[in-house]
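S.K.: Got a file for you: final05.txt, compact mmCIF, C-alpha atoms and all ligand atoms.
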# COMPACT_ATOMS: atom_id res chain seq x y z
CA MET D 29 -6.11 -16.73 9.43
CA LEU D 30 -4.22 -13.85 7.80
CA ARG D 31 -0.50 -13.34 7.58
CA LEU D 32 0.59 -9.77 8.27
CA GLU D 33 3.49 -8.26 6.37
CA ARG D 34 4.97 -5.00 7.59
CA LEU D 35 5.01 -2.41 4.80
CA SER D 36 7.87 -0.04 4.21
CA SER D 37 7.13 3.29 2.60
CA GLU D 38 8.30 2.02 -0.83
CA ASP D 39 5.41 -0.48 -0.66
CA PHE D 40 2.71 2.07 0.14
CA GLY D 41 1.18 2.23 -3.36
CA ALA D 42 -1.49 -0.41 -2.86
CA LEU D 43 -2.15 0.76 0.70
CA GLU D 44 -2.64 4.34 -0.45
CA ALA D 45 -4.98 3.26 -3.26
CA ALA D 46 -7.09 1.15 -0.88
CA LEU D 47 -7.29 3.97 1.67
CA GLN D 48 -8.25 6.49 -0.99
CA SER D 49 -10.97 4.30 -2.40
CA ALA D 50 -12.36 3.86 1.14
CA HIS D 51 -12.11 7.63 1.82
CA LEU D 52 -9.69 7.03 4.71
CA PRO D 53 -6.84 9.47 5.48
CA THR D 54 -3.54 9.12 3.59
CA GLN D 55 -1.96 12.51 4.26
CA ASP D 56 0.13 11.34 7.20
CA ILE D 57 0.98 7.74 6.32
CA ARG D 58 4.66 8.53 5.64
CA ASP D 59 5.11 10.43 8.89
CA PRO D 60 7.17 8.73 11.59
CA GLY D 61 5.62 6.56 14.30
CA LYS D 62 3.18 4.65 12.12
CA LEU D 63 3.15 0.92 11.40
CA PHE D 64 1.28 -0.44 8.40
CA TYR D 65 0.72 -4.05 7.47
CA GLY D 66 -0.61 -5.80 4.40
CA ALA D 67 -2.74 -8.83 5.28
CA GLU D 68 -2.32 -11.89 3.09
CA LYS D 69 -4.49 -14.92 2.63
CA ALA D 70 -3.34 -17.67 0.26
CA GLY D 71 -0.69 -15.32 -1.14
CA GLU D 72 -3.13 -12.53 -1.92
CA THR D 73 -3.33 -9.19 -0.13
CA VAL D 74 -6.88 -8.97 1.20
CA GLY D 75 -6.53 -5.76 3.16
CA PHE D 76 -4.47 -3.45 5.32
CA ILE D 77 -4.22 -2.28 8.91
CA GLY D 78 -2.19 0.41 10.63
CA PHE D 79 -1.17 1.36 14.15
CA GLU D 80 0.19 4.32 16.00
CA VAL D 81 1.59 2.77 19.14
CA GLN D 82 1.99 4.90 22.24
CA GLY D 83 3.29 2.59 24.95
CA SER D 84 0.52 0.20 25.93
CA GLU D 85 -2.08 2.20 23.99
CA ALA D 86 -2.46 2.29 20.23
CA LEU D 87 -4.54 3.97 17.61
CA LEU D 88 -5.83 1.33 15.19
CA ARG D 89 -6.29 2.97 11.81
CA SER D 90 -6.47 2.24 8.11
CA VAL D 91 -8.47 -0.96 8.54
CA VAL D 92 -9.52 -1.63 4.98
CA ALA D 93 -10.70 -4.74 3.18
CA ARG D 94 -9.96 -4.84 -0.54
CA GLN D 95 -13.15 -6.81 -1.21
CA ARG D 96 -15.95 -6.20 1.22
CA GLY D 97 -18.56 -8.55 2.56
CA GLN D 98 -16.42 -11.68 2.29
CA GLY D 99 -15.28 -11.98 5.89
CA SER D 100 -11.93 -10.20 5.46
CA GLY D 101 -12.87 -7.44 7.87
CA VAL D 102 -13.38 -9.83 10.76
CA LEU D 103 -10.03 -11.50 10.00
CA LEU D 104 -8.31 -8.11 9.73
CA VAL D 105 -9.53 -7.10 13.18
CA GLN D 106 -8.49 -10.45 14.70
CA ALA D 107 -5.04 -10.08 13.12
CA ALA D 108 -4.80 -6.49 14.35
CA ILE D 109 -5.58 -7.53 17.91
CA GLU D 110 -2.95 -10.30 17.78
CA GLN D 111 -0.33 -7.98 16.29
CA ALA D 112 -1.12 -5.32 18.89
CA ARG D 113 -0.67 -7.90 21.62
CA ILE D 114 2.77 -8.74 20.15
CA GLU D 115 3.65 -5.03 20.17
CA GLY D 116 2.81 -4.89 23.89
CA VAL D 117 -0.40 -2.94 23.40
CA ARG D 118 -3.15 -3.40 25.98
CA ARG D 119 -5.79 -1.07 24.59
CA LEU D 120 -6.81 -0.08 21.07
CA TRP D 121 -8.56 3.10 20.03
CA LEU D 122 -10.08 4.03 16.71
CA LEU D 123 -12.22 6.61 14.97
CA THR D 124 -14.74 5.69 12.34
CA THR D 125 -17.49 7.46 10.45
CA THR D 126 -18.87 4.40 8.65
CA ALA D 127 -18.06 1.19 10.52
CA ARG D 128 -19.26 1.68 14.10
CA ASP D 129 -21.61 -1.30 13.99
CA PHE D 130 -18.94 -3.49 12.41
CA PHE D 131 -16.52 -2.73 15.26
CA LEU D 132 -19.25 -3.17 17.89
CA LYS D 133 -19.70 -6.71 16.53
CA GLN D 134 -15.95 -7.29 16.96
CA GLY D 135 -16.13 -6.38 20.66
CA PHE D 136 -15.16 -2.70 20.52
CA ARG D 137 -17.06 -0.24 22.74
CA LYS D 138 -18.15 3.23 21.72
CA VAL D 139 -16.78 5.90 24.07
CA GLU D 140 -16.39 9.66 24.18
CA ARG D 141 -13.24 11.00 22.51
CA SER D 142 -12.29 12.49 25.87
CA ALA D 143 -11.91 8.93 27.25
CA ALA D 144 -8.81 8.40 25.07
CA PRO D 145 -5.44 9.06 26.67
CA ASP D 146 -3.59 12.28 25.74
CA ALA D 147 -1.07 10.51 23.46
CA ILE D 148 -3.90 9.07 21.38
CA ARG D 149 -5.79 12.36 21.31
CA GLN D 150 -2.61 14.04 20.02
CA THR D 151 -2.54 11.89 16.87
CA GLN D 152 -3.36 13.62 13.61
CA GLU D 153 -6.44 11.43 13.16
CA PHE D 154 -7.85 12.78 16.42
CA GLN D 155 -6.53 16.32 15.93
CA SER D 156 -7.54 17.00 12.36
CA LEU D 157 -7.91 14.12 9.91
CA CYS D 158 -11.12 12.52 11.22
CA PRO D 159 -14.23 14.65 11.53
CA ALA D 160 -15.56 15.58 14.94
CA GLU D 161 -18.64 13.42 14.40
CA ALA D 162 -16.55 10.23 13.95
CA ASP D 163 -17.31 7.59 16.54
CA CYS D 164 -14.51 6.88 19.01
CA MET D 165 -14.18 3.23 19.94
CA THR D 166 -11.94 1.19 22.20
CA PHE D 167 -10.97 -2.44 22.79
CA GLU D 168 -9.19 -3.93 25.82
CA ILE D 169 -6.70 -6.63 24.90
CA GLU D 170 -6.67 -9.45 27.42
CA GLU D 171 -3.34 -10.82 28.61
CA CYS D 172 -2.67 -14.34 27.41
C1 LIG D 201 -15.11 -2.06 7.73
C2 LIG D 201 -14.57 -3.12 6.79
C3 LIG D 201 -13.08 -3.33 7.07
C4 LIG D 201 -15.33 -4.43 6.99
O1 LIG D 201 -14.78 -5.39 6.14
P1 LIG D 201 -15.66 -6.52 5.41
O2 LIG D 201 -14.71 -7.50 4.83
O3 LIG D 201 -16.63 -5.88 4.49
O4 LIG D 201 -16.44 -7.14 6.65
P2 LIG D 201 -16.89 -8.65 6.87
O5 LIG D 201 -17.25 -9.27 5.55
O6 LIG D 201 -15.85 -9.35 7.68
O7 LIG D 201 -18.23 -8.42 7.71
C5 LIG D 201 -18.45 -8.90 9.01
C6 LIG D 201 -19.80 -8.41 9.48
O8 LIG D 201 -19.78 -6.99 9.65
C7 LIG D 201 -20.80 -6.37 8.83
N1 LIG D 201 -20.24 -5.12 8.30
C8 LIG D 201 -19.24 -4.98 7.42
N2 LIG D 201 -18.99 -3.67 7.23
C9 LIG D 201 -19.85 -2.99 8.00
C10 LIG D 201 -20.06 -1.59 8.24
N3 LIG D 201 -19.35 -0.64 7.64
N4 LIG D 201 -21.00 -1.25 9.14
C11 LIG D 201 -21.75 -2.19 9.78
N5 LIG D 201 -21.59 -3.52 9.59
C12 LIG D 201 -20.64 -3.90 8.70
C13 LIG D 201 -21.07 -7.38 7.74
O9 LIG D 201 -22.35 -7.20 7.21
C14 LIG D 201 -20.94 -8.68 8.49
O10 LIG D 201 -22.10 -8.90 9.27
P3 LIG D 201 -22.62 -10.41 9.63
O11 LIG D 201 -21.56 -10.99 10.54
O12 LIG D 201 -23.92 -10.15 10.34
O13 LIG D 201 -22.73 -11.11 8.32
C15 LIG D 201 -14.78 -2.73 5.29
O14 LIG D 201 -16.13 -2.43 5.09
C16 LIG D 201 -13.97 -1.56 4.82
O15 LIG D 201 -12.85 -1.74 4.32
N6 LIG D 201 -14.52 -0.33 4.98
C17 LIG D 201 -13.87 0.89 4.52
C18 LIG D 201 -12.80 1.33 5.45
C19 LIG D 201 -13.31 1.66 6.84
O16 LIG D 201 -14.29 2.33 7.02
N7 LIG D 201 -12.55 1.19 7.88
C20 LIG D 201 -12.88 1.42 9.27
C21 LIG D 201 -12.25 2.63 9.85
S1 LIG D 201 -10.50 2.43 10.10
Render the structure in this file as structure tokens.
Ligand SMILES: CC(C)(COP(=O)(O)OP(=O)(O)OC[C@H]1O[C@@H](n2cnc3c(N)ncnc32)[C@H](O)[C@@H]1OP(=O)(O)O)[C@@H](O)C(=O)NCCC(=O)NCCS
M.R.:
Amino acid sequence: MLRLERLSSEDFGALEAALQSAHLPTQDIRDPGKLFYGAEKAGETVGFIGFEVQGSEALLRSVVARQRGQGSGVLLVQAAIEQARIEGVRRLWLLTTTARDFFLKQGFRKVERSAAPDAIRQTQEFQSLCPAEADCMTFEIEEC
């Protein structure tokens, strides 16, 4: 189980470094409307997640494990789903060029970009930061 800690922009150094090393977008992380969390396990930050919440829909972005292949990714996605539920989100969307199969294993479905609601398609990731060939994926969050 991971503990999520909301990051303020003064704490973005490690987030930015992790995103850069994973070739994920950083250009817009200080823009308004974005939530970023560091994920801690036994007092150590094992990765990061981010959201752009639009009502009951959210873009899940910036999912990055600091050390790969040690199970952090699965825990990051579980923590993201729980945090999204707390934020009142019912459906997650994401774009990925490298981790489609990872997200399929976590229960996400691959869909056409056009399936995403307008507010999600208006995000900078959809508009310009992620290449057109990125896979669009979605996850329905069940009510407790
Ligand atoms: C995607 C990512 C978060 C996965 O984290 P991780 O800690 O390496 O993943 P885990 O160790 O929890 O792996 C869980 C399973 O997914 C598989 N997996 C991990 N990354 C994968 C990938 N990119 N593609 C396909 N399968 C992947 C693992 O092999 C493992 O499979 P298994 O259950 O059969 O053993 C990590 O690779 C990462 O930070 N990638 C760079 C950033 C990125 O692309 N993020 C996604 C877009 S926001």
S.K.: Please write out the residues within 10 Å of ligand LIG 201 (chain D) as an MDAnalysis selection string, counting all atoms listed in the file.
M.R.: chainID D and resid 46:53 74:78 87:105 122:134 162:163
S.K.: Only C-alpha atoms, please: the residues just picked out, written as an mmCIF file, in the frame of the given file.
M.R.:
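So out.cif came out as:
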data_model
loop_
_atom_site.group_PDB
_atom_site.id
_atom_site.type_symbol
_atom_site.label_atom_id
_atom_site.label_comp_id
_atom_site.auth_asym_id
_atom_site.auth_seq_id
_atom_site.Cartn_x
_atom_site.Cartn_y
_atom_site.Cartn_z
ATOM 1 C CA ALA D 46 -7.090 1.150 -0.880
ATOM 2 C CA LEU D 47 -7.290 3.970 1.670
ATOM 3 C CA GLN D 48 -8.250 6.490 -0.990
ATOM 4 C CA SER D 49 -10.970 4.300 -2.400
ATOM 5 C CA ALA D 50 -12.360 3.860 1.140
ATOM 6 C CA HIS D 51 -12.110 7.630 1.820
ATOM 7 C CA LEU D 52 -9.690 7.030 4.710
ATOM 8 C CA PRO D 53 -6.840 9.470 5.480
ATOM 9 C CA VAL D 74 -6.880 -8.970 1.200
ATOM 10 C CA GLY D 75 -6.530 -5.760 3.160
ATOM 11 C CA PHE D 76 -4.470 -3.450 5.320
ATOM 12 C CA ILE D 77 -4.220 -2.280 8.910
ATOM 13 C CA GLY D 78 -2.190 0.410 10.630
ATOM 14 C CA LEU D 87 -4.540 3.970 17.610
ATOM 15 C CA LEU D 88 -5.830 1.330 15.190
ATOM 16 C CA ARG D 89 -6.290 2.970 11.810
ATOM 17 C CA SER D 90 -6.470 2.240 8.110
ATOM 18 C CA VAL D 91 -8.470 -0.960 8.540
ATOM 19 C CA VAL D 92 -9.520 -1.630 4.980
ATOM 20 C CA ALA D 93 -10.700 -4.740 3.180
ATOM 21 C CA ARG D 94 -9.960 -4.840 -0.540
ATOM 22 C CA GLN D 95 -13.150 -6.810 -1.210
ATOM 23 C CA ARG D 96 -15.950 -6.200 1.220
ATOM 24 C CA GLY D 97 -18.560 -8.550 2.560
ATOM 25 C CA GLN D 98 -16.420 -11.680 2.290
ATOM 26 C CA GLY D 99 -15.280 -11.980 5.890
ATOM 27 C CA SER D 100 -11.930 -10.200 5.460
ATOM 28 C CA GLY D 101 -12.870 -7.440 7.870
ATOM 29 C CA VAL D 102 -13.380 -9.830 10.760
ATOM 30 C CA LEU D 103 -10.030 -11.500 10.000
ATOM 31 C CA LEU D 104 -8.310 -8.110 9.730
ATOM 32 C CA VAL D 105 -9.530 -7.100 13.180
ATOM 33 C CA LEU D 122 -10.080 4.030 16.710
ATOM 34 C CA LEU D 123 -12.220 6.610 14.970
ATOM 35 C CA THR D 124 -14.740 5.690 12.340
ATOM 36 C CA THR D 125 -17.490 7.460 10.450
ATOM 37 C CA THR D 126 -18.870 4.400 8.650
ATOM 38 C CA ALA D 127 -18.060 1.190 10.520
ATOM 39 C CA ARG D 128 -19.260 1.680 14.100
ATOM 40 C CA ASP D 129 -21.610 -1.300 13.990
ATOM 41 C CA PHE D 130 -18.940 -3.490 12.410
ATOM 42 C CA PHE D 131 -16.520 -2.730 15.260
ATOM 43 C CA LEU D 132 -19.250 -3.170 17.890
ATOM 44 C CA LYS D 133 -19.700 -6.710 16.530
ATOM 45 C CA GLN D 134 -15.950 -7.290 16.960
ATOM 46 C CA ALA D 162 -16.550 10.230 13.950
ATOM 47 C CA ASP D 163 -17.310 7.590 16.540
#
S.K.: In Å, how far is it from atom CA of D:Ser142 to atom CA of D:Glu161?
M.R.: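 These two atoms are separated by 13.1 Å.
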S.K.: For atom CA of D:Gln55 and atom CA of D:Ile148, quote the distance in Å rounded to one decimal.
M.R.: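 Separating atom CA of D:Gln55 from atom CA of D:Ile148 is a distance of 17.6 Å.
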S.K.: Please report the interatomic distance between atom CA of D:Lys62 and atom CA of D:Glu80 in Å with one decimal.
M.R.: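 Value for the atom CA of D:Lys62-atom CA of D:Glu80 distance: 4.9 Å.
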S.K.: Using all atoms listed in the file, find the one residue out of D:Glu140, D:Glu171, D:Glu110, D:Glu44 that sits nearest to D:Asp56.
M.R.: D:Glu44
S.K.: Could you give me, as CSV, every stretch 31-73 of chain D residue with an atom at most 12 Å from stretch 81-85 of chain D, plus its closest atom pair and distance in Å to one decimal, counting all atoms listed in the file, rows ordered by chain then number?
M.R.:
residue,atom,partner,partner_atom,distance
D:Pro60,CA,D:Val81,CA,11.1
D:Gly61,CA,D:Val81,CA,7.4
D:Lys62,CA,D:Val81,CA,7.4
D:Leu63,CA,D:Val81,CA,8.1
D:Phe64,CA,D:Val81,CA,11.2
S.K.: Could you list, as a list in words, every residue within 8 Å of D:Ile169, counting only C-alpha atoms and ignoring same-chain residues fewer than 6 positions away?
M.R.: Ile109, Arg113, Val117, Arg118, Arg119 and Leu120 of chain D
S.K.: D:Gly116, D:Phe136, D:Thr54, D:Gln106: which is nearest D:Cys158, counting only C-alpha atoms?
M.R.: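 The shortest atom-to-atom distance to D:Cys158 comes from D:Thr54.
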